[in-house]
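Trainee: Next up, final.txt (compact mmCIF, C-alpha atoms (C1' of nucleotides)).
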```
# COMPACT_ATOMS: atom_id res chain seq x y z
CA MET D 1441 -18.09 -0.37 -10.70
CA VAL D 1442 -19.62 -3.63 -9.78
CA ASP D 1443 -22.74 -1.62 -9.05
CA LYS D 1444 -25.53 -2.95 -11.19
CA LEU D 1445 -23.71 -6.16 -11.91
CA ALA D 1446 -23.75 -6.96 -8.23
CA ALA D 1447 -27.43 -7.79 -8.35
CA ARG D 1448 -27.04 -10.20 -11.21
CA ARG D 1449 -23.94 -11.67 -9.65
CA SER D 1450 -25.63 -12.53 -6.39
CA THR D 1451 -28.27 -14.50 -8.25
CA SER D 1452 -26.43 -16.06 -11.17
CA ARG D 1453 -22.94 -17.06 -9.91
CA SER D 1454 -21.18 -17.65 -13.20
CA PRO D 1455 -17.98 -19.68 -13.16
CA ASN D 1456 -16.14 -16.39 -13.62
CA ASP D 1457 -17.28 -15.27 -10.23
CA ARG D 1458 -16.08 -18.48 -8.72
CA LEU D 1459 -12.65 -18.10 -10.26
CA ASP D 1460 -12.65 -14.47 -9.17
CA ARG D 1461 -13.25 -15.45 -5.59
CA VAL D 1462 -10.86 -18.36 -5.58
CA PHE D 1463 -7.98 -16.37 -7.03
CA HIS D 1464 -8.77 -13.42 -4.83
CA ALA D 1465 -8.73 -15.69 -1.79
CA LEU D 1466 -5.36 -17.02 -2.86
CA ALA D 1467 -3.96 -13.53 -3.40
CA ASP D 1468 -3.47 -12.97 0.32
CA PRO D 1469 -0.54 -14.52 2.21
CA THR D 1470 -2.55 -14.80 5.43
CA ARG D 1471 -5.18 -16.84 3.66
CA ARG D 1472 -2.59 -18.98 1.91
CA GLN D 1473 -1.04 -19.76 5.26
CA MET D 1474 -4.43 -20.70 6.61
CA LEU D 1475 -4.92 -23.05 3.70
CA HIS D 1476 -1.49 -24.43 4.39
CA ALA D 1477 -2.47 -25.16 7.98
CA LEU D 1478 -5.68 -26.78 6.83
CA SER D 1479 -3.80 -28.98 4.40
CA SER D 1480 -2.65 -31.07 7.34
CA GLY D 1481 -6.05 -31.41 8.92
CA GLU D 1482 -9.04 -29.62 10.37
CA ARG D 1483 -8.60 -26.46 12.41
CA THR D 1484 -10.89 -24.30 14.47
CA VAL D 1485 -11.18 -20.62 13.70
CA SER D 1486 -9.01 -19.61 16.65
CA GLU D 1487 -6.41 -22.23 15.75
CA LEU D 1488 -6.29 -20.73 12.28
CA ALA D 1489 -6.02 -17.26 13.76
CA ALA D 1490 -3.35 -18.08 16.34
CA PRO D 1491 -0.23 -17.73 14.16
CA PHE D 1492 -1.09 -14.15 13.20
CA ARG D 1493 -0.59 -10.91 15.01
CA MET D 1494 -4.00 -9.59 14.05
CA SER D 1495 -7.17 -9.70 16.13
CA LEU D 1496 -9.41 -12.74 16.14
CA ALA D 1497 -12.13 -10.81 14.37
CA GLY D 1498 -9.66 -9.83 11.68
CA ALA D 1499 -8.52 -13.38 11.14
CA ALA D 1500 -12.13 -14.56 11.20
CA LYS D 1501 -12.77 -12.28 8.25
CA HIS D 1502 -10.08 -14.10 6.31
CA VAL D 1503 -11.69 -17.39 7.23
CA LYS D 1504 -14.95 -16.06 5.94
CA ALA D 1505 -13.32 -14.95 2.70
CA LEU D 1506 -11.97 -18.45 2.25
CA GLU D 1507 -15.42 -19.80 2.94
CA ARG D 1508 -17.04 -17.46 0.42
CA SER D 1509 -14.54 -18.61 -2.17
CA GLY D 1510 -15.64 -22.16 -1.47
CA LEU D 1511 -12.10 -23.23 -0.70
CA ILE D 1512 -13.02 -24.23 2.83
CA ARG D 1513 -16.12 -25.23 4.74
CA ARG D 1514 -16.97 -25.12 8.39
CA THR D 1515 -19.01 -27.35 10.62
CA VAL D 1516 -20.23 -25.79 13.82
CA GLN D 1517 -19.78 -28.05 16.78
CA GLY D 1518 -20.85 -26.58 20.04
CA ARG D 1519 -19.20 -23.21 20.29
CA THR D 1520 -16.26 -24.08 18.08
CA HIS D 1521 -16.30 -23.83 14.30
CA ILE D 1522 -14.22 -26.52 12.68
CA CYS D 1523 -12.87 -25.69 9.22
CA HIS D 1524 -11.71 -28.07 6.55
CA LEU D 1525 -10.57 -27.80 2.98
CA GLU D 1526 -12.95 -28.17 0.09
CA PRO D 1527 -10.79 -29.32 -2.82
CA ALA D 1528 -13.27 -28.80 -5.65
CA PRO D 1529 -12.88 -25.04 -6.20
CA LEU D 1530 -9.15 -25.34 -5.87
CA ALA D 1531 -9.37 -27.89 -8.62
CA SER D 1532 -11.25 -25.40 -10.77
CA ALA D 1533 -8.40 -22.95 -10.40
CA ASN D 1534 -5.98 -25.73 -11.14
CA ALA D 1535 -8.00 -26.55 -14.23
CA TRP D 1536 -7.53 -22.96 -15.31
CA PHE D 1537 -3.79 -23.49 -15.24
CA HIS D 1538 -4.01 -26.79 -17.04
CA HIS D 1539 -6.01 -25.05 -19.71
CA TYR D 1540 -3.25 -22.55 -20.37
CA ALA D 1541 -0.41 -24.91 -19.74
CA ARG D 1542 -1.08 -26.07 -23.27
CA PHE D 1543 0.03 -22.68 -24.57
CA TRP D 1544 2.68 -21.81 -22.08
CA GLU D 1545 4.24 -25.20 -21.50
CA GLN D 1546 7.62 -24.31 -20.20
CA SER D 1547 9.70 -24.14 -17.05
CA LEU D 1548 7.41 -25.46 -14.37
CA ASP D 1549 8.99 -27.89 -11.98
CA ALA D 1550 11.97 -25.61 -11.60
CA LEU D 1551 9.72 -23.01 -10.08
CA GLU D 1552 8.84 -25.28 -7.20
CA ALA D 1553 11.81 -23.63 -5.57
CA VAL D 1554 9.59 -20.63 -5.04
CA LEU D 1555 7.40 -22.76 -2.86
CA ARG D 1556 10.24 -24.06 -0.79
CA GLU D 1557 11.40 -20.53 -0.27
CA GLU D 1558 7.97 -19.41 0.83
CA ASP D 1559 7.81 -22.30 3.26
CA ALA D 1560 11.18 -21.45 4.69
CA MET D 1561 10.20 -17.83 5.13
CA ARG D 1562 7.01 -18.89 6.84
CA GLY D 1563 8.83 -21.22 9.21
CA ARG D 1564 11.18 -18.45 10.19
CA ALA D 1565 8.36 -16.09 11.13
CA ARG D 1566 6.03 -18.51 12.91
CA LYS D 1567 5.66 -19.27 16.64
CA SER D 1568 3.05 -22.04 16.22
CA LYS D 1569 1.26 -22.00 19.59
CA SER D 1570 -1.39 -24.75 19.39
CA PRO D 1571 -0.68 -26.74 16.24
CA ALA D 1572 -3.26 -29.50 16.85
CA SER D 1573 -2.56 -33.13 16.19
CA THR D 1574 -0.70 -33.48 12.91
CA LYS D 1575 2.23 -31.12 12.99
CA PRO D 1576 2.37 -29.48 9.55
CA SER D 1577 6.13 -29.17 9.71
CA ALA D 1578 6.76 -32.52 8.07
CA ARG D 1579 6.13 -31.66 4.41
CA MET X 389 -2.44 -1.27 4.80
CA VAL X 390 0.48 -2.16 2.64
CA ASP X 391 1.77 1.30 3.44
CA LYS X 392 5.17 0.93 5.05
CA LEU X 393 5.65 -2.50 3.64
CA ALA X 394 5.60 -0.99 0.21
CA ALA X 395 9.09 0.34 0.65
CA ARG X 396 10.48 -3.02 1.63
CA ARG X 397 8.50 -4.69 -1.08
CA SER X 398 10.01 -2.63 -3.84
CA THR X 399 13.48 -3.61 -2.71
CA SER X 400 13.16 -7.17 -1.40
CA ARG X 401 10.44 -8.86 -3.48
CA SER X 402 9.92 -12.04 -1.50
CA PRO X 403 8.25 -14.93 -3.28
CA ASN X 404 5.14 -14.16 -1.24
CA ASP X 405 4.80 -10.83 -2.92
CA ARG X 406 5.17 -12.45 -6.28
CA LEU X 407 2.41 -14.94 -5.55
CA ASP X 408 0.29 -12.11 -4.17
CA ARG X 409 0.59 -10.19 -7.37
CA VAL X 410 0.13 -13.17 -9.64
CA PHE X 411 -3.01 -14.38 -7.90
CA HIS X 412 -4.33 -10.87 -7.64
CA ALA X 413 -3.79 -10.39 -11.34
CA LEU X 414 -5.66 -13.60 -12.03
CA ALA X 415 -8.56 -12.61 -9.78
CA ASP X 416 -9.99 -10.25 -12.38
CA PRO X 417 -11.96 -11.53 -15.38
CA THR X 418 -10.78 -8.67 -17.58
CA ARG X 419 -7.18 -9.57 -16.93
CA ARG X 420 -7.84 -13.27 -17.42
CA GLN X 421 -9.36 -12.47 -20.80
CA MET X 422 -6.33 -10.41 -21.68
CA LEU X 423 -4.11 -13.34 -20.81
CA HIS X 424 -6.35 -15.52 -22.89
CA ALA X 425 -5.87 -13.21 -25.85
CA LEU X 426 -2.13 -13.19 -25.30
CA SER X 427 -2.07 -16.97 -25.20
CA SER X 428 -2.48 -16.96 -28.96
CA GLY X 429 0.21 -14.41 -29.67
CA GLU X 430 1.48 -10.91 -29.04
CA ARG X 431 -0.95 -8.02 -28.73
CA THR X 432 -0.59 -4.28 -28.52
CA VAL X 433 -2.17 -2.44 -25.62
CA SER X 434 -5.05 -1.18 -27.72
CA GLU X 435 -5.64 -4.61 -29.18
CA LEU X 436 -5.88 -5.96 -25.67
CA ALA X 437 -8.23 -3.15 -24.74
CA ALA X 438 -10.48 -3.45 -27.79
CA PRO X 439 -12.84 -6.23 -26.54
CA PHE X 440 -13.84 -4.25 -23.47
CA ARG X 441 -16.34 -1.51 -22.98
CA MET X 442 -14.03 0.45 -20.73
CA SER X 443 -11.78 3.35 -21.69
CA LEU X 444 -8.31 2.75 -23.08
CA ALA X 445 -6.74 4.21 -19.97
CA GLY X 446 -8.78 1.82 -17.85
CA ALA X 447 -7.70 -1.19 -19.84
CA ALA X 448 -4.12 0.04 -19.83
CA LYS X 449 -4.24 -0.10 -16.06
CA HIS X 450 -5.10 -3.77 -16.25
CA VAL X 451 -2.22 -4.30 -18.61
CA LYS X 452 0.02 -2.59 -16.13
CA ALA X 453 -1.27 -4.80 -13.33
CA LEU X 454 -0.45 -7.84 -15.42
CA GLU X 455 2.98 -6.42 -16.03
CA ARG X 456 3.57 -5.73 -12.35
CA SER X 457 2.63 -9.32 -11.61
CA GLY X 458 5.27 -10.41 -14.08
CA LEU X 459 2.75 -12.41 -16.07
CA ILE X 460 3.37 -10.34 -19.16
CA ARG X 461 6.10 -8.15 -20.55
CA ARG X 462 6.03 -5.36 -23.05
CA THR X 463 8.47 -4.24 -25.68
CA VAL X 464 8.05 -0.69 -26.87
CA GLN X 465 8.29 -0.42 -30.61
CA GLY X 466 7.83 3.05 -31.93
CA ARG X 467 4.61 4.35 -30.48
CA THR X 468 3.06 0.93 -29.94
CA HIS X 469 3.66 -1.27 -26.91
CA ILE X 470 3.66 -4.94 -27.76
CA CYS X 471 2.77 -7.31 -24.94
CA HIS X 472 3.60 -10.97 -24.62
CA LEU X 473 3.21 -13.64 -21.98
CA GLU X 474 5.93 -14.40 -19.51
CA PRO X 475 5.32 -18.00 -18.50
CA ALA X 476 7.62 -18.20 -15.47
CA PRO X 477 5.42 -16.50 -12.85
CA LEU X 478 2.42 -18.38 -14.09
CA ALA X 479 4.43 -21.49 -13.54
CA SER X 480 5.17 -20.40 -9.99
CA ALA X 481 1.46 -20.13 -9.31
CA ASN X 482 0.98 -23.49 -10.92
CA ALA X 483 3.72 -24.85 -8.72
CA TRP X 484 1.73 -23.64 -5.76
CA PHE X 485 -1.12 -25.83 -6.88
CA HIS X 486 1.10 -28.78 -7.52
CA HIS X 487 2.44 -28.37 -4.03
CA TYR X 488 -1.00 -28.68 -2.48
CA ALA X 489 -2.30 -31.16 -4.99
CA ARG X 490 -0.43 -33.70 -2.92
CA PHE X 491 -2.81 -33.06 -0.05
CA TRP X 492 -5.97 -32.34 -1.91
CA GLU X 493 -5.67 -34.80 -4.76
CA GLN X 494 -9.25 -35.30 -5.78
CA SER X 495 -11.78 -34.32 -8.41
CA LEU X 496 -9.73 -32.33 -10.86
CA ASP X 497 -10.33 -33.17 -14.46
CA ALA X 498 -14.06 -33.04 -13.90
CA LEU X 499 -13.76 -29.39 -13.03
CA GLU X 500 -12.35 -28.58 -16.43
CA ALA X 501 -16.01 -28.13 -17.29
CA VAL X 502 -15.80 -24.83 -15.47
CA LEU X 503 -13.29 -23.71 -18.02
CA ARG X 504 -15.38 -24.71 -20.96
CA GLU X 505 -18.28 -22.82 -19.49
CA GLU X 506 -16.18 -19.74 -18.99
CA ASP X 507 -15.00 -19.98 -22.57
CA ALA X 508 -18.54 -20.29 -23.82
CA MET X 509 -19.65 -17.31 -21.79
CA ARG X 510 -16.73 -15.32 -23.11
CA GLY X 511 -17.48 -16.24 -26.69
CA ARG X 512 -21.08 -15.18 -26.26
CA ALA X 513 -20.14 -11.73 -24.99
CA ARG X 514 -17.27 -10.99 -27.35
CA LYS X 515 -17.21 -9.24 -30.70
CA SER X 516 -13.69 -10.49 -31.38
CA LYS X 517 -12.16 -7.87 -33.61
CA SER X 518 -8.62 -9.26 -33.93
CA PRO X 519 -9.05 -12.94 -33.16
CA ALA X 520 -5.59 -14.24 -34.02
CA SER X 521 -4.66 -17.75 -35.06
CA THR X 522 -5.14 -20.65 -32.65
CA LYS X 523 -8.67 -20.59 -31.32
CA PRO X 524 -8.59 -22.54 -28.06
CA SER X 525 -12.19 -23.66 -28.31
CA ALA X 526 -11.46 -27.19 -29.50
CA ARG X 527 -10.95 -29.60 -26.58
C1' DC K 260 4.52 21.86 -40.28
C1' DA K 261 0.05 20.11 -38.93
C1' DC K 262 -2.47 16.25 -37.70
C1' DA K 263 -3.75 11.73 -36.38
C1' DT K 264 -2.39 7.48 -33.53
C1' DA K 265 -0.81 4.98 -29.49
C1' DT K 266 -0.12 5.32 -24.97
C1' DT K 267 0.81 7.20 -20.41
C1' DC K 268 -0.10 10.26 -16.57
C1' DA K 269 -2.57 12.70 -12.97
C1' DA K 270 -6.58 13.80 -10.62
C1' DC K 271 -10.71 12.29 -9.14
C1' DC K 272 -14.80 9.16 -7.64
C1' DG K 273 -17.23 5.30 -5.47
C1' DT K 274 -16.72 0.96 -3.59
C1' DA K 275 -14.12 -2.98 -1.73
C1' DT K 276 -10.58 -4.65 1.38
C1' DG K 277 -8.00 -5.49 5.53
C1' DG K 278 -7.76 -4.18 9.81
C1' DT K 279 -9.30 -2.33 14.41
C1' DT K 280 -12.45 -1.98 18.54
C1' DG K 281 -16.48 -2.81 21.36
C1' DA K 282 -20.71 -5.14 22.02
C1' DC K 283 -23.38 -9.37 21.71
C1' DA K 284 -24.52 -14.47 21.52
C1' DA K 285 -23.87 -19.06 22.49
C1' DT K 286 -21.68 -22.79 24.82
C1' DC K 287 -19.14 -25.08 28.39
C1' DA K 288 -17.52 -25.42 33.26
C1' DT K 289 -17.98 -24.57 38.15
C1' DA H 1454 -26.08 -18.26 38.42
C1' DT H 1455 -21.38 -16.74 37.37
C1' DG H 1456 -17.85 -16.71 34.51
C1' DA H 1457 -14.64 -17.99 30.96
C1' DT H 1458 -14.27 -19.44 25.97
C1' DT H 1459 -15.39 -19.30 21.07
C1' DG H 1460 -16.97 -16.83 17.74
C1' DT H 1461 -19.93 -13.28 15.26
C1' DC H 1462 -21.58 -8.67 14.20
C1' DA H 1463 -21.59 -3.76 13.44
C1' DA H 1464 -19.31 0.46 13.14
C1' DC H 1465 -15.43 2.67 11.83
C1' DC H 1466 -10.86 3.90 9.50
C1' DA H 1467 -7.23 4.09 6.00
C1' DT H 1468 -5.86 2.54 1.87
C1' DA H 1469 -6.24 -0.16 -2.42
C1' DC H 1470 -8.94 -1.02 -6.55
C1' DG H 1471 -11.44 -0.35 -10.84
C1' DG H 1472 -13.01 2.97 -13.43
C1' DT H 1473 -13.58 7.73 -15.50
C1' DT H 1474 -11.99 12.11 -17.72
C1' DG H 1475 -8.73 15.48 -19.53
C1' DA H 1476 -4.22 16.68 -20.60
C1' DA H 1477 0.48 15.42 -21.93
C1' DT H 1478 4.00 12.65 -24.58
C1' DA H 1479 5.81 10.27 -28.44
C1' DT H 1480 5.71 8.68 -32.84
C1' DG H 1481 4.10 8.27 -37.40
C1' DT H 1482 2.06 10.50 -41.83
C1' DG H 1483 0.06 13.97 -45.17
```
Would you mind writing the structure in this file as structure tokens?
Mentor:
Amino acid sequence: MVDKLAARRSTSRSPNDRLDRVFHALADPTRRQMLHALSSGERTVSELAAPFRMSLAGAAKHVKALERSGLIRRTVQGRTHICHLEPAPLASANAWFHHYARFWEQSLDALEAVLREEDAMRGRARKSKSPASTKPSAR
Amino acid sequence: MVDKLAARRSTSRSPNDRLDRVFHALADPTRRQMLHALSSGERTVSELAAPFRMSLAGAAKHVKALERSGLIRRTVQGRTHICHLEPAPLASANAWFHHYARFWEQSLDALEAVLREEDAMRGRARKSKSPASTKPSAR
DNA sequence: CACATATTCAACCGTATGGTTGACAATCAT
DNA sequence: ATGATTGTCAACCATACGGTTGAATATGTG
């Protein structure tokens, strides 16, 4: 269904596509956890993959999805690929919310509880093998 | 791949699942446009479907996806289903951003341009049959 | 009643997605 | 040179996704 649009999409890259990719990247808990890890500093691909039960190749696909969305970037250094956040596209998604906040202004800070809960759940399920320098457990 | 998790999901509904569904709902331009329409007031299913070239059943699926995500709710009234925004889950997604904004605080307002561009693009491609009251094109 | 309207449902189709495995490539260490 | 490490790539698989069509279900209306 993206058939003939795919051609145009690969060349044009409208802001819709960017939002598509950013939100799609965020729609997966694995990728959100990776972003979470990156929020406390750079990580290599295998460091990002470590917390998950899936294969390296599988996790690497998630990394690539994040990269396609523009949310992260990588710098190859020797044989290791170091990933870091790229805040701009995240900001564009945030802008989307700000745009609609005007209409939907309502309960907002109260829902931060959801985040705390997600964090707690994550902490419970994690083994955290090689967490690099800055331990992301501080919050 | 969500196979056996589906059972648990229907019963437990962790906040992860909620974020999954919300972000997934937002990852589609059709659904974002529907939300946009709803931001200026209630709409029936066929009103929501009208701007799109796809079949009613197709559009109704998008509506259902939005409903599953919790972003909208419907109240059946006779034979028509009236949809309206449910701001809470949107707020939870927004909270997610706020959470990470602490780490990524950076260019943010500048990226609102993306939104304007998306609006412009939408306006260009729309016929706008039932345009409702508050046109959000000001800014 | 007969008919049009509003909407869902089920079956189907093609493609995308998330995951696996098994090479391959490049880099570092010995 | 050998070998371990880091990561990609390609093929494959099962399921989810976005869309279609055709029929079914309600609800209004003449």
Trainee: Chain K residues within 8 Å of chain X, counting all atoms listed in the file: which ones, as a PyMOL selection string?
Mentor: chain K and resi 265-266+277-278
Trainee: Which residues are close to DA263 in chain K, i.e. within 12 Å by only C-alpha atoms (C1' of nucleotides), leaving aside same-chain residues fewer than 6 positions away? Reply as number ranges by chain.
Mentor: H: 1480-1483
Trainee: Between C1' of DG281 in chain K and CA of Gly1498 in chain D, what is the spacing in Å?
Mentor: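 Taking CA of Gly1498 in chain D as the start and C1' of DG281 in chain K as the end point, the length is 13.8 Å.
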Trainee: For chain H versus chain D, which residues have an atom no more than 8 Å away, and what is each residue's nearest atom pair and distance in Å rounded to one decimal, using only C-alpha atoms (C1' of nucleotides), chain-then-number order, as a Markdown table?
Mentor:
```
| residue | atom | partner | partner_atom | distance |
| --- | --- | --- | --- | --- |
| H:DT1459 | C1' | D:Arg1519 | CA | 5.5 |
| H:DG1460 | C1' | D:Arg1519 | CA | 7.2 |
| H:DG1471 | C1' | D:Met1441 | CA | 6.7 |
| H:DG1472 | C1' | D:Met1441 | CA | 6.7 |
```
Trainee: Let me make sure I understand: among D:Lys1504, D:His1464, D:Arg1472, D:Arg1493, which one has the smallest atom-to-atom distance to chain X if we use all atoms listed in the file?
Mentor: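 Nearest to chain X: D:His1464.
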Trainee: Identify which of the residues D:Met1474, D:Leu1506, D:Glu1487, D:Ser1479 lies closest to chain X, counting all atoms listed in the file when measuring atom-to-atom distances.
Mentor: D:Ser1479
